[in-house]
Structures are given as structure tokens and as C-alpha cells.
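Visitor: Quick one, query-v2.cif (mmCIF, N, CA and C atoms):
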data_model
#
loop_
_atom_site.label_atom_id
_atom_site.label_comp_id
_atom_site.auth_asym_id
_atom_site.auth_seq_id
_atom_site.Cartn_x
_atom_site.Cartn_y
_atom_site.Cartn_z
N HIS A 911 -2.16 -4.63 13.55
CA HIS A 911 -2.47 -3.28 14.01
C HIS A 911 -3.93 -2.98 13.68
N GLU A 912 -4.58 -2.23 14.53
CA GLU A 912 -6.03 -1.97 14.36
C GLU A 912 -6.37 -1.12 13.15
N ASN A 913 -5.39 -0.52 12.50
CA ASN A 913 -5.67 0.30 11.32
C ASN A 913 -5.11 -0.30 10.03
N ILE A 914 -4.85 -1.60 10.07
CA ILE A 914 -4.39 -2.35 8.90
C ILE A 914 -5.42 -3.45 8.65
N VAL A 915 -5.86 -3.61 7.40
CA VAL A 915 -6.82 -4.66 7.07
C VAL A 915 -6.18 -6.02 7.35
N LYS A 916 -6.90 -6.88 8.04
CA LYS A 916 -6.41 -8.20 8.40
C LYS A 916 -6.50 -9.15 7.19
N ILE A 917 -5.44 -9.91 6.99
CA ILE A 917 -5.40 -10.94 5.96
C ILE A 917 -5.59 -12.28 6.66
N TYR A 918 -6.58 -13.06 6.20
CA TYR A 918 -6.87 -14.34 6.82
C TYR A 918 -6.17 -15.49 6.12
N ALA A 919 -6.05 -15.40 4.80
CA ALA A 919 -5.42 -16.48 4.04
C ALA A 919 -5.06 -15.96 2.66
N TYR A 920 -4.13 -16.64 2.03
CA TYR A 920 -3.81 -16.35 0.64
C TYR A 920 -3.44 -17.65 -0.06
N PHE A 921 -3.70 -17.68 -1.36
CA PHE A 921 -3.43 -18.86 -2.17
C PHE A 921 -2.76 -18.41 -3.46
N ILE A 922 -1.74 -19.14 -3.85
CA ILE A 922 -1.02 -18.82 -5.07
C ILE A 922 -1.09 -20.04 -5.99
N SER A 923 -1.55 -19.80 -7.21
CA SER A 923 -1.57 -20.85 -8.22
C SER A 923 -0.74 -20.37 -9.42
N ALA A 924 -0.67 -21.17 -10.44
CA ALA A 924 0.09 -20.81 -11.63
C ALA A 924 -0.49 -19.57 -12.31
N LYS A 925 -1.81 -19.34 -12.16
CA LYS A 925 -2.46 -18.24 -12.87
C LYS A 925 -2.95 -17.12 -11.97
N ASN A 926 -3.14 -17.38 -10.69
CA ASN A 926 -3.78 -16.40 -9.83
C ASN A 926 -3.14 -16.30 -8.45
N ILE A 927 -3.37 -15.17 -7.84
CA ILE A 927 -3.10 -14.99 -6.42
C ILE A 927 -4.42 -14.55 -5.80
N SER A 928 -4.89 -15.29 -4.79
CA SER A 928 -6.13 -14.95 -4.10
C SER A 928 -5.81 -14.58 -2.66
N ILE A 929 -6.35 -13.45 -2.23
CA ILE A 929 -6.14 -12.98 -0.87
C ILE A 929 -7.50 -12.85 -0.20
N TYR A 930 -7.65 -13.46 0.96
CA TYR A 930 -8.89 -13.38 1.73
C TYR A 930 -8.65 -12.48 2.93
N SER A 931 -9.32 -11.33 2.91
CA SER A 931 -9.09 -10.34 3.96
C SER A 931 -10.40 -9.96 4.64
N HIS A 932 -10.27 -9.18 5.67
CA HIS A 932 -11.41 -8.67 6.42
C HIS A 932 -12.31 -7.84 5.50
N TYR A 933 -13.62 -8.04 5.61
CA TYR A 933 -14.59 -7.26 4.84
C TYR A 933 -14.75 -5.89 5.50
N CYS A 934 -14.70 -4.85 4.70
CA CYS A 934 -14.86 -3.48 5.20
C CYS A 934 -16.22 -2.95 4.77
N ASN A 935 -17.15 -2.82 5.71
CA ASN A 935 -18.53 -2.49 5.39
C ASN A 935 -18.73 -1.06 4.87
N GLY A 936 -17.73 -0.18 5.02
CA GLY A 936 -17.86 1.19 4.51
C GLY A 936 -17.26 1.37 3.13
N GLY A 937 -16.62 0.33 2.61
CA GLY A 937 -15.97 0.43 1.31
C GLY A 937 -14.70 1.25 1.39
N ASP A 938 -14.24 1.72 0.22
CA ASP A 938 -13.03 2.54 0.23
C ASP A 938 -13.39 3.99 0.57
N LEU A 939 -12.37 4.79 0.80
CA LEU A 939 -12.59 6.16 1.28
C LEU A 939 -13.41 6.99 0.31
N ASP A 940 -13.14 6.89 -0.99
CA ASP A 940 -13.92 7.65 -1.98
C ASP A 940 -15.40 7.32 -1.89
N LYS A 941 -15.72 6.05 -1.92
CA LYS A 941 -17.13 5.63 -1.87
C LYS A 941 -17.79 6.04 -0.56
N TYR A 942 -17.04 5.91 0.52
CA TYR A 942 -17.57 6.25 1.84
C TYR A 942 -17.92 7.73 1.93
N LEU A 943 -17.05 8.58 1.42
CA LEU A 943 -17.30 10.02 1.49
C LEU A 943 -18.39 10.47 0.52
N GLU A 944 -18.62 9.71 -0.55
CA GLU A 944 -19.65 10.06 -1.53
C GLU A 944 -21.06 9.69 -1.06
N THR A 945 -21.18 8.75 -0.13
CA THR A 945 -22.50 8.24 0.22
C THR A 945 -23.39 9.26 0.92
N LYS A 946 -22.81 10.16 1.70
CA LYS A 946 -23.58 11.22 2.34
C LYS A 946 -22.62 12.24 2.89
N ASP A 947 -23.13 13.38 3.27
CA ASP A 947 -22.28 14.38 3.90
C ASP A 947 -21.77 13.84 5.23
N ARG A 948 -20.49 13.99 5.45
CA ARG A 948 -19.87 13.51 6.69
C ARG A 948 -19.46 14.70 7.55
N LEU A 949 -19.56 14.55 8.85
CA LEU A 949 -19.13 15.59 9.77
C LEU A 949 -17.62 15.71 9.75
N PHE A 950 -17.13 16.89 10.01
CA PHE A 950 -15.69 17.14 10.07
C PHE A 950 -15.03 16.18 11.07
N GLU A 951 -15.64 15.98 12.23
CA GLU A 951 -15.08 15.12 13.26
C GLU A 951 -14.94 13.67 12.77
N GLU A 952 -15.89 13.22 11.98
CA GLU A 952 -15.83 11.87 11.44
C GLU A 952 -14.67 11.74 10.44
N LYS A 953 -14.53 12.75 9.58
CA LYS A 953 -13.42 12.75 8.61
C LYS A 953 -12.08 12.82 9.34
N LEU A 954 -11.99 13.66 10.35
CA LEU A 954 -10.75 13.80 11.12
C LEU A 954 -10.39 12.48 11.80
N SER A 955 -11.37 11.81 12.36
CA SER A 955 -11.14 10.53 13.03
C SER A 955 -10.57 9.50 12.04
N LEU A 956 -11.11 9.47 10.83
CA LEU A 956 -10.58 8.55 9.80
C LEU A 956 -9.14 8.89 9.46
N MET A 957 -8.85 10.17 9.30
CA MET A 957 -7.48 10.58 8.96
C MET A 957 -6.50 10.19 10.07
N ILE A 958 -6.92 10.34 11.31
CA ILE A 958 -6.07 9.94 12.44
C ILE A 958 -5.81 8.43 12.38
N ASP A 959 -6.84 7.65 12.07
CA ASP A 959 -6.67 6.20 11.92
C ASP A 959 -5.66 5.88 10.84
N TYR A 960 -5.77 6.54 9.69
CA TYR A 960 -4.84 6.26 8.59
C TYR A 960 -3.42 6.65 8.97
N VAL A 961 -3.26 7.79 9.63
CA VAL A 961 -1.92 8.23 10.06
C VAL A 961 -1.35 7.23 11.06
N ASN A 962 -2.16 6.74 11.98
CA ASN A 962 -1.69 5.74 12.94
C ASN A 962 -1.21 4.48 12.23
N GLY A 963 -1.94 4.04 11.22
CA GLY A 963 -1.53 2.87 10.44
C GLY A 963 -0.23 3.12 9.70
N ILE A 964 -0.09 4.30 9.11
CA ILE A 964 1.15 4.65 8.40
C ILE A 964 2.32 4.71 9.37
N CYS A 965 2.11 5.30 10.54
CA CYS A 965 3.16 5.36 11.56
C CYS A 965 3.61 3.96 11.97
N TYR A 966 2.65 3.06 12.11
CA TYR A 966 2.96 1.67 12.45
C TYR A 966 3.88 1.07 11.40
N LEU A 967 3.56 1.28 10.12
CA LEU A 967 4.41 0.77 9.04
C LEU A 967 5.80 1.40 9.09
N HIS A 968 5.85 2.72 9.24
CA HIS A 968 7.13 3.42 9.23
C HIS A 968 8.00 3.04 10.42
N GLU A 969 7.38 2.79 11.58
CA GLU A 969 8.15 2.35 12.74
C GLU A 969 8.84 1.02 12.48
N ARG A 970 8.28 0.24 11.58
CA ARG A 970 8.85 -1.05 11.21
C ARG A 970 9.66 -0.96 9.92
N LEU A 971 9.94 0.28 9.51
CA LEU A 971 10.77 0.59 8.34
C LEU A 971 10.18 0.06 7.03
N HIS A 972 8.84 0.16 6.91
CA HIS A 972 8.16 -0.20 5.67
C HIS A 972 7.49 1.04 5.10
N ALA A 973 7.48 1.13 3.78
CA ALA A 973 6.79 2.22 3.10
C ALA A 973 5.72 1.61 2.20
N HIS A 974 4.49 2.11 2.28
CA HIS A 974 3.38 1.56 1.50
C HIS A 974 3.57 1.78 0.00
N ASN A 975 3.92 2.97 -0.41
CA ASN A 975 4.22 3.35 -1.80
C ASN A 975 3.03 3.39 -2.74
N ASP A 976 1.82 3.18 -2.25
CA ASP A 976 0.65 3.26 -3.14
C ASP A 976 -0.58 3.75 -2.37
N LEU A 977 -0.38 4.70 -1.47
CA LEU A 977 -1.52 5.21 -0.71
C LEU A 977 -2.38 6.09 -1.61
N LYS A 978 -3.64 5.74 -1.67
CA LYS A 978 -4.63 6.49 -2.43
C LYS A 978 -5.99 6.11 -1.86
N PRO A 979 -7.05 6.87 -2.15
CA PRO A 979 -8.35 6.60 -1.54
C PRO A 979 -8.84 5.16 -1.73
N SER A 980 -8.53 4.53 -2.86
CA SER A 980 -9.00 3.15 -3.07
C SER A 980 -8.26 2.14 -2.20
N ASN A 981 -7.15 2.53 -1.57
CA ASN A 981 -6.43 1.66 -0.65
C ASN A 981 -6.66 2.04 0.81
N LEU A 982 -7.54 2.98 1.04
CA LEU A 982 -7.93 3.39 2.39
C LEU A 982 -9.38 2.97 2.59
N MET A 983 -9.59 2.02 3.46
CA MET A 983 -10.91 1.44 3.66
C MET A 983 -11.56 1.98 4.94
N VAL A 984 -12.87 1.76 5.04
CA VAL A 984 -13.62 2.16 6.23
C VAL A 984 -14.44 0.96 6.70
N HIS A 985 -14.35 0.67 7.98
CA HIS A 985 -15.16 -0.39 8.59
C HIS A 985 -15.64 0.10 9.94
N ASP A 986 -16.95 0.17 10.11
CA ASP A 986 -17.56 0.65 11.36
C ASP A 986 -16.95 1.98 11.80
N GLN A 987 -16.85 2.91 10.85
CA GLN A 987 -16.32 4.26 11.07
C GLN A 987 -14.85 4.29 11.51
N ARG A 988 -14.13 3.20 11.25
CA ARG A 988 -12.69 3.16 11.51
C ARG A 988 -11.94 3.12 10.20
N GLY A 989 -10.81 3.80 10.13
CA GLY A 989 -9.99 3.81 8.93
C GLY A 989 -8.98 2.68 8.93
N LEU A 990 -8.91 1.95 7.80
CA LEU A 990 -8.00 0.82 7.66
C LEU A 990 -7.22 0.95 6.35
N ILE A 991 -5.96 0.56 6.37
CA ILE A 991 -5.11 0.60 5.18
C ILE A 991 -5.04 -0.80 4.59
N THR A 992 -5.08 -0.87 3.25
CA THR A 992 -5.01 -2.15 2.55
C THR A 992 -4.11 -2.06 1.34
N ASP A 993 -3.99 -3.14 0.60
CA ASP A 993 -3.24 -3.25 -0.65
C ASP A 993 -1.76 -2.98 -0.43
N PHE A 994 -1.08 -4.00 0.08
CA PHE A 994 0.34 -3.87 0.38
C PHE A 994 1.22 -4.51 -0.68
N GLY A 995 0.73 -4.55 -1.91
CA GLY A 995 1.49 -5.16 -2.99
C GLY A 995 2.79 -4.46 -3.32
N THR A 996 2.91 -3.19 -2.97
CA THR A 996 4.14 -2.45 -3.29
C THR A 996 4.90 -1.99 -2.06
N VAL A 997 4.64 -2.62 -0.91
CA VAL A 997 5.36 -2.23 0.31
C VAL A 997 6.83 -2.58 0.16
N LEU A 998 7.67 -1.63 0.54
CA LEU A 998 9.11 -1.85 0.49
C LEU A 998 9.69 -1.84 1.89
N PRO A 999 10.59 -2.79 2.17
CA PRO A 999 11.25 -2.80 3.48
C PRO A 999 12.31 -1.72 3.55
#
Just give me the structure as C-alpha cells.
Guide:
Amino acid sequence: HENIVKIYAYFISAKNISIYSHYCNGGDLDKYLETKDRLFEEKLSLMIDYVNGICYLHERLHAHNDLKPSNLMVHDQRGLITDFGTVLP
């Protein structure tokens, strides 16, 4: 889905789990909003993106369970959801 961060690969070893995902050039939502004043329309557009991503999850009967600004990313002014470590079916 266009509002979910893409995972390219993951590796599991005895000590670590490594996940290689899409780079988000805007960082997380907190950092993005702190960098400069944002227009209301820009903030609204991001919120719509996040809601679309959440709807996609809920339509598939999944709940994220850890939505917070550090799990909401921005890439090219698009909102993306990440960190699905606590998703429940």
C-alpha cells in the first residue's frame, strides 16, 4: 500500500533482527513538523495518508497497536506508517 513503508529484506540471527526498509527523507512526523512551519493543507494531507494506511490495515483485520509520531514517517510530503512489531491479526 502506498502509505505503508516498504520492507525490502530482513535477516534474523541468534543476536539480532535486521530490517531493510525504504528510506524516508522527511524523517518521522515529530521531526518533520519541527523543521519549519507547515501549512494546514500539508498537515491535513499527511493525516489523510496515515488514515488511508490505517484503513488498509483494518480492512485486512490487522491492528497496529503502536501508532505514535515516531512510527509515522514522511517521504516526499507523503505520510507512511512503519514499525509493525506489535501488529495483531
Visitor: Just checking: using all atoms listed in the file, which residue out of A:Ser955, A:His932, A:Glu912, A:Phe994 ends up closest to Asn975 (chain A)?
Guide: A:Phe994
Visitor: Translate the PyMOL selection byres ((chain A and resi 976) around 8) into a concrete residue list for this structure, as number ranges by chain.
Guide: A: 973-975, 977-982, 992-997
Visitor: Run the PyMOL selection byres ((chain A and resi 919) around 6) on the file and write out the hits as a PDB file with N, CA and C atoms, in the frame of the given file.
Guide:
ATOM      1  N   ILE A 917      -5.440  -9.910   6.990  1.00  0.00           N
ATOM      2  CA  ILE A 917      -5.400 -10.940   5.960  1.00  0.00           C
ATOM      3  C   ILE A 917      -5.590 -12.280   6.660  1.00  0.00           C
ATOM      4  N   TYR A 918      -6.580 -13.060   6.200  1.00  0.00           N
ATOM      5  CA  TYR A 918      -6.870 -14.340   6.820  1.00  0.00           C
ATOM      6  C   TYR A 918      -6.170 -15.490   6.120  1.00  0.00           C
ATOM      7  N   TYR A 920      -4.130 -16.640   2.030  1.00  0.00           N
ATOM      8  CA  TYR A 920      -3.810 -16.350   0.640  1.00  0.00           C
ATOM      9  C   TYR A 920      -3.440 -17.650  -0.060  1.00  0.00           C
ATOM     10  N   PHE A 921      -3.700 -17.680  -1.360  1.00  0.00           N
ATOM     11  CA  PHE A 921      -3.430 -18.860  -2.170  1.00  0.00           C
ATOM     12  C   PHE A 921      -2.760 -18.410  -3.460  1.00  0.00           C
ATOM     13  N   SER A 928      -4.890 -15.290  -4.790  1.00  0.00           N
ATOM     14  CA  SER A 928      -6.130 -14.950  -4.100  1.00  0.00           C
ATOM     15  C   SER A 928      -5.810 -14.580  -2.660  1.00  0.00           C
ATOM     16  N   ILE A 929      -6.350 -13.450  -2.230  1.00  0.00           N
ATOM     17  CA  ILE A 929      -6.140 -12.980  -0.870  1.00  0.00           C
ATOM     18  C   ILE A 929      -7.500 -12.850  -0.200  1.00  0.00           C
ATOM     19  N   TYR A 930      -7.650 -13.460   0.960  1.00  0.00           N
ATOM     20  CA  TYR A 930      -8.890 -13.380   1.730  1.00  0.00           C
ATOM     21  C   TYR A 930      -8.650 -12.480   2.930  1.00  0.00           C
ATOM     22  N   SER A 931      -9.320 -11.330   2.910  1.00  0.00           N
ATOM     23  CA  SER A 931      -9.090 -10.340   3.960  1.00  0.00           C
ATOM     24  C   SER A 931     -10.400  -9.960   4.640  1.00  0.00           C
TER      25      SER A 931
END
Visitor: Can you list, as a list in words, every residue of region 923-997 of chain A that DSSP puts in alpha helix (DSSP H)?
Guide: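 Answer for region 923-997 of chain A, restricted to alpha helix (DSSP H): Leu939, Asp940, Lys941, Tyr942, Leu943, Glu944, Thr945, Phe950, Glu951, Glu952, Lys953, Leu954, Ser955, Leu956, Met957, Ile958, Asp959, Tyr960, Val961, Asn962, Gly963, Ile964, Cys965, Tyr966, Leu967, His968 and Glu969 of chain A.
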Visitor: Smallest atom-to-atom distance to Cys934 (chain A): which of A:Val915, A:Val984, A:Leu990, A:Tyr966, using all atoms listed in the file?
Guide: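 Nearest candidate to Cys934 (chain A) out of A:Val915, A:Val984, A:Leu990, A:Tyr966: A:Val984.
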Visitor: So how many Å separate atom N of Ile914 (chain A) and atom N of Ile991 (chain A), to one decimal?
Guide: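 Pair atom N of Ile914 (chain A) / atom N of Ile991 (chain A) returns 4.4 Å.
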Visitor: Edge lengths and centre, in Å to one decimal, as JSON: that's what I need for the box along x, y and z that holds all listed atoms of region 929-948 of chain A plus 4 Å on each side.
Guide:
{"center_x": -14.9, "center_y": 0.6, "center_z": 2.7, "size_x": 25.4, "size_y": 36.2, "size_z": 17.8}
Visitor: If the PyMOL selection byres ((chain A and resi 988) around 7) is run on the structure shown, which residues does it catch, given as a list in words?
Guide: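 Taken on the displayed file, the PyMOL selection byres ((chain A and resi 988) around 7) yields the residues Asn913, Ser955, Leu956, Asp959, Met983, Val984, His985, Asp986, Gln987, Gly989 and Leu990 of chain A.
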Visitor: Calculate how many Å separate CA of Asn962 (chain A) from CA of Lys916 (chain A), rounding to one decimal.
Guide: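 Value for the CA of Asn962 (chain A)-CA of Lys916 (chain A) distance: 15.4 Å.
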Visitor: Taking only C-alpha atoms into account, which of A:Ile927, A:Leu967, A:Met957, A:Ile922 comes nearest Leu939 (chain A)?
Guide: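 Checking each candidate against Leu939 (chain A), we get A:Met957 as the closest.
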Visitor: Between atom C of Phe950 (chain A) and CA of His911 (chain A), what distance in Å does the model show, to one decimal?
Guide: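 Distance between the two atoms: 23.3 Å.
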Visitor: Please extract the residues of chain A with a backbone DSSP assignment of strand (DSSP E or B) and present them as a PyMOL selection string.
Guide: chain A and resi 914+917-922+927-931+937-938+973+982-985+988-991+998
Visitor: Just region 964-977 of chain A from the block, all heavy atoms, as a PDB file, in the first residue's frame, could you?
Guide:
ATOM      1  N   ILE A 964      -4.010   3.229   7.782  1.00  0.00           N
ATOM      2  CA  ILE A 964      -4.688   2.540   8.888  1.00  0.00           C
ATOM      3  C   ILE A 964      -5.918   1.798   8.367  1.00  0.00           C
ATOM      4  O   ILE A 964      -6.173   0.651   8.753  1.00  0.00           O
ATOM      5  CB  ILE A 964      -5.058   3.538  10.000  1.00  0.00           C
ATOM      6  CG1 ILE A 964      -3.790   4.084  10.652  1.00  0.00           C
ATOM      7  CG2 ILE A 964      -5.960   2.885  11.042  1.00  0.00           C
ATOM      8  CD1 ILE A 964      -4.005   5.326  11.483  1.00  0.00           C
ATOM      9  N   CYS A 965      -6.684   2.425   7.486  1.00  0.00           N
ATOM     10  CA  CYS A 965      -7.854   1.774   6.893  1.00  0.00           C
ATOM     11  C   CYS A 965      -7.447   0.510   6.141  1.00  0.00           C
ATOM     12  O   CYS A 965      -8.121  -0.530   6.231  1.00  0.00           O
ATOM     13  CB  CYS A 965      -8.602   2.722   5.967  1.00  0.00           C
ATOM     14  SG  CYS A 965      -9.521   3.992   6.839  1.00  0.00           S
ATOM     15  N   TYR A 966      -6.340   0.583   5.421  1.00  0.00           N
ATOM     16  CA  TYR A 966      -5.829  -0.582   4.698  1.00  0.00           C
ATOM     17  C   TYR A 966      -5.563  -1.724   5.670  1.00  0.00           C
ATOM     18  O   TYR A 966      -5.941  -2.874   5.424  1.00  0.00           O
ATOM     19  CB  TYR A 966      -4.561  -0.199   3.931  1.00  0.00           C
ATOM     20  CG  TYR A 966      -3.879  -1.340   3.244  1.00  0.00           C
ATOM     21  CD1 TYR A 966      -4.319  -1.788   2.005  1.00  0.00           C
ATOM     22  CD2 TYR A 966      -2.788  -1.972   3.827  1.00  0.00           C
ATOM     23  CE1 TYR A 966      -3.686  -2.837   1.359  1.00  0.00           C
ATOM     24  CE2 TYR A 966      -2.146  -3.026   3.192  1.00  0.00           C
ATOM     25  CZ  TYR A 966      -2.596  -3.453   1.963  1.00  0.00           C
ATOM     26  OH  TYR A 966      -1.977  -4.502   1.326  1.00  0.00           O
ATOM     27  N   LEU A 967      -4.910  -1.419   6.790  1.00  0.00           N
ATOM     28  CA  LEU A 967      -4.638  -2.449   7.805  1.00  0.00           C
ATOM     29  C   LEU A 967      -5.935  -3.011   8.373  1.00  0.00           C
ATOM     30  O   LEU A 967      -6.098  -4.230   8.497  1.00  0.00           O
ATOM     31  CB  LEU A 967      -3.795  -1.877   8.935  1.00  0.00           C
ATOM     32  CG  LEU A 967      -2.357  -1.516   8.617  1.00  0.00           C
ATOM     33  CD1 LEU A 967      -1.721  -0.795   9.799  1.00  0.00           C
ATOM     34  CD2 LEU A 967      -1.563  -2.763   8.251  1.00  0.00           C
ATOM     35  N   HIS A 968      -6.855  -2.129   8.732  1.00  0.00           N
ATOM     36  CA  HIS A 968      -8.109  -2.567   9.358  1.00  0.00           C
ATOM     37  C   HIS A 968      -8.968  -3.383   8.397  1.00  0.00           C
ATOM     38  O   HIS A 968      -9.636  -4.331   8.824  1.00  0.00           O
ATOM     39  CB  HIS A 968      -8.877  -1.369   9.892  1.00  0.00           C
ATOM     40  CG  HIS A 968      -8.225  -0.752  11.080  1.00  0.00           C
ATOM     41  ND1 HIS A 968      -8.779   0.316  11.751  1.00  0.00           N
ATOM     42  CD2 HIS A 968      -7.067  -1.048  11.731  1.00  0.00           C
ATOM     43  CE1 HIS A 968      -7.987   0.651  12.759  1.00  0.00           C
ATOM     44  NE2 HIS A 968      -6.947  -0.156  12.763  1.00  0.00           N
ATOM     45  N   GLU A 969      -8.942  -3.038   7.106  1.00  0.00           N
ATOM     46  CA  GLU A 969      -9.687  -3.825   6.120  1.00  0.00           C
ATOM     47  C   GLU A 969      -9.177  -5.262   6.061  1.00  0.00           C
ATOM     48  O   GLU A 969      -9.908  -6.181   5.699  1.00  0.00           O
ATOM     49  CB  GLU A 969      -9.583  -3.190   4.733  1.00  0.00           C
ATOM     50  CG  GLU A 969     -10.392  -1.923   4.587  1.00  0.00           C
ATOM     51  CD  GLU A 969     -10.073  -1.157   3.316  1.00  0.00           C
ATOM     52  OE1 GLU A 969      -9.163  -1.575   2.546  1.00  0.00           O
ATOM     53  OE2 GLU A 969     -10.713  -0.125   3.081  1.00  0.00           O
ATOM     54  N   ARG A 970      -7.924  -5.451   6.420  1.00  0.00           N
ATOM     55  CA  ARG A 970      -7.313  -6.779   6.438  1.00  0.00           C
ATOM     56  C   ARG A 970      -7.306  -7.375   7.839  1.00  0.00           C
ATOM     57  O   ARG A 970      -6.613  -8.343   8.117  1.00  0.00           O
ATOM     58  CB  ARG A 970      -5.908  -6.707   5.857  1.00  0.00           C
ATOM     59  CG  ARG A 970      -5.982  -6.650   4.347  1.00  0.00           C
ATOM     60  CD  ARG A 970      -4.910  -5.816   3.717  1.00  0.00           C
ATOM     61  NE  ARG A 970      -5.162  -5.659   2.300  1.00  0.00           N
ATOM     62  CZ  ARG A 970      -6.024  -4.777   1.768  1.00  0.00           C
ATOM     63  NH1 ARG A 970      -6.712  -3.979   2.530  1.00  0.00           N
ATOM     64  NH2 ARG A 970      -6.198  -4.697   0.469  1.00  0.00           N
ATOM     65  N   LEU A 971      -8.072  -6.742   8.733  1.00  0.00           N
ATOM     66  CA  LEU A 971      -8.256  -7.200  10.113  1.00  0.00           C
ATOM     67  C   LEU A 971      -6.956  -7.214  10.922  1.00  0.00           C
ATOM     68  O   LEU A 971      -6.711  -8.112  11.728  1.00  0.00           O
ATOM     69  CB  LEU A 971      -8.938  -8.571  10.142  1.00  0.00           C
ATOM     70  CG  LEU A 971     -10.286  -8.636   9.420  1.00  0.00           C
ATOM     71  CD1 LEU A 971     -10.844 -10.036   9.469  1.00  0.00           C
ATOM     72  CD2 LEU A 971     -11.268  -7.631  10.006  1.00  0.00           C
ATOM     73  N   HIS A 972      -6.114  -6.195  10.696  1.00  0.00           N
ATOM     74  CA  HIS A 972      -4.891  -6.023  11.476  1.00  0.00           C
ATOM     75  C   HIS A 972      -4.978  -4.718  12.256  1.00  0.00           C
ATOM     76  O   HIS A 972      -5.530  -3.735  11.768  1.00  0.00           O
ATOM     77  CB  HIS A 972      -3.648  -5.975  10.577  1.00  0.00           C
ATOM     78  CG  HIS A 972      -3.404  -7.238   9.831  1.00  0.00           C
ATOM     79  ND1 HIS A 972      -2.986  -8.392  10.441  1.00  0.00           N
ATOM     80  CD2 HIS A 972      -3.529  -7.533   8.527  1.00  0.00           C
ATOM     81  CE1 HIS A 972      -2.856  -9.347   9.540  1.00  0.00           C
ATOM     82  NE2 HIS A 972      -3.179  -8.846   8.360  1.00  0.00           N
ATOM     83  N   ALA A 973      -4.430  -4.735  13.455  1.00  0.00           N
ATOM     84  CA  ALA A 973      -4.354  -3.519  14.271  1.00  0.00           C
ATOM     85  C   ALA A 973      -2.889  -3.223  14.550  1.00  0.00           C
ATOM     86  O   ALA A 973      -2.140  -4.110  14.959  1.00  0.00           O
ATOM     87  CB  ALA A 973      -5.114  -3.702  15.579  1.00  0.00           C
ATOM     88  N   HIS A 974      -2.453  -1.994  14.325  1.00  0.00           N
ATOM     89  CA  HIS A 974      -1.050  -1.622  14.505  1.00  0.00           C
ATOM     90  C   HIS A 974      -0.630  -1.697  15.969  1.00  0.00           C
ATOM     91  O   HIS A 974       0.416  -2.221  16.295  1.00  0.00           O
ATOM     92  CB  HIS A 974      -0.794  -0.216  13.949  1.00  0.00           C
ATOM     93  CG  HIS A 974       0.638   0.160  13.904  1.00  0.00           C
ATOM     94  ND1 HIS A 974       1.350   0.510  15.029  1.00  0.00           N
ATOM     95  CD2 HIS A 974       1.511   0.238  12.866  1.00  0.00           C
ATOM     96  CE1 HIS A 974       2.591   0.793  14.690  1.00  0.00           C
ATOM     97  NE2 HIS A 974       2.707   0.632  13.373  1.00  0.00           N
ATOM     98  N   ASN A 975      -1.405  -1.152  16.868  1.00  0.00           N
ATOM     99  CA  ASN A 975      -1.198  -1.190  18.326  1.00  0.00           C
ATOM    100  C   ASN A 975      -0.038  -0.353  18.849  1.00  0.00           C
ATOM    101  O   ASN A 975       0.261  -0.414  20.037  1.00  0.00           O
ATOM    102  CB  ASN A 975      -1.037  -2.627  18.834  1.00  0.00           C
ATOM    103  CG  ASN A 975      -2.329  -3.373  18.794  1.00  0.00           C
ATOM    104  OD1 ASN A 975      -3.381  -2.815  19.087  1.00  0.00           O
ATOM    105  ND2 ASN A 975      -2.276  -4.634  18.412  1.00  0.00           N
ATOM    106  N   ASP A 976       0.643   0.399  18.002  1.00  0.00           N
ATOM    107  CA  ASP A 976       1.734   1.245  18.498  1.00  0.00           C
ATOM    108  C   ASP A 976       1.866   2.513  17.649  1.00  0.00           C
ATOM    109  O   ASP A 976       2.970   2.957  17.359  1.00  0.00           O
ATOM    110  CB  ASP A 976       3.051   0.459  18.501  1.00  0.00           C
ATOM    111  CG  ASP A 976       4.138   1.143  19.322  1.00  0.00           C
ATOM    112  OD1 ASP A 976       3.799   1.908  20.252  1.00  0.00           O
ATOM    113  OD2 ASP A 976       5.327   0.914  19.033  1.00  0.00           O
ATOM    114  N   LEU A 977       0.732   3.078  17.253  1.00  0.00           N
ATOM    115  CA  LEU A 977       0.792   4.300  16.450  1.00  0.00           C
ATOM    116  C   LEU A 977       1.209   5.472  17.326  1.00  0.00           C
ATOM    117  O   LEU A 977       0.614   5.723  18.372  1.00  0.00           O
ATOM    118  CB  LEU A 977      -0.564   4.600  15.805  1.00  0.00           C
ATOM    119  CG  LEU A 977      -0.918   3.749  14.609  1.00  0.00           C
ATOM    120  CD1 LEU A 977      -2.335   4.060  14.150  1.00  0.00           C
ATOM    121  CD2 LEU A 977       0.056   3.962  13.472  1.00  0.00           C
TER     122      LEU A 977
END
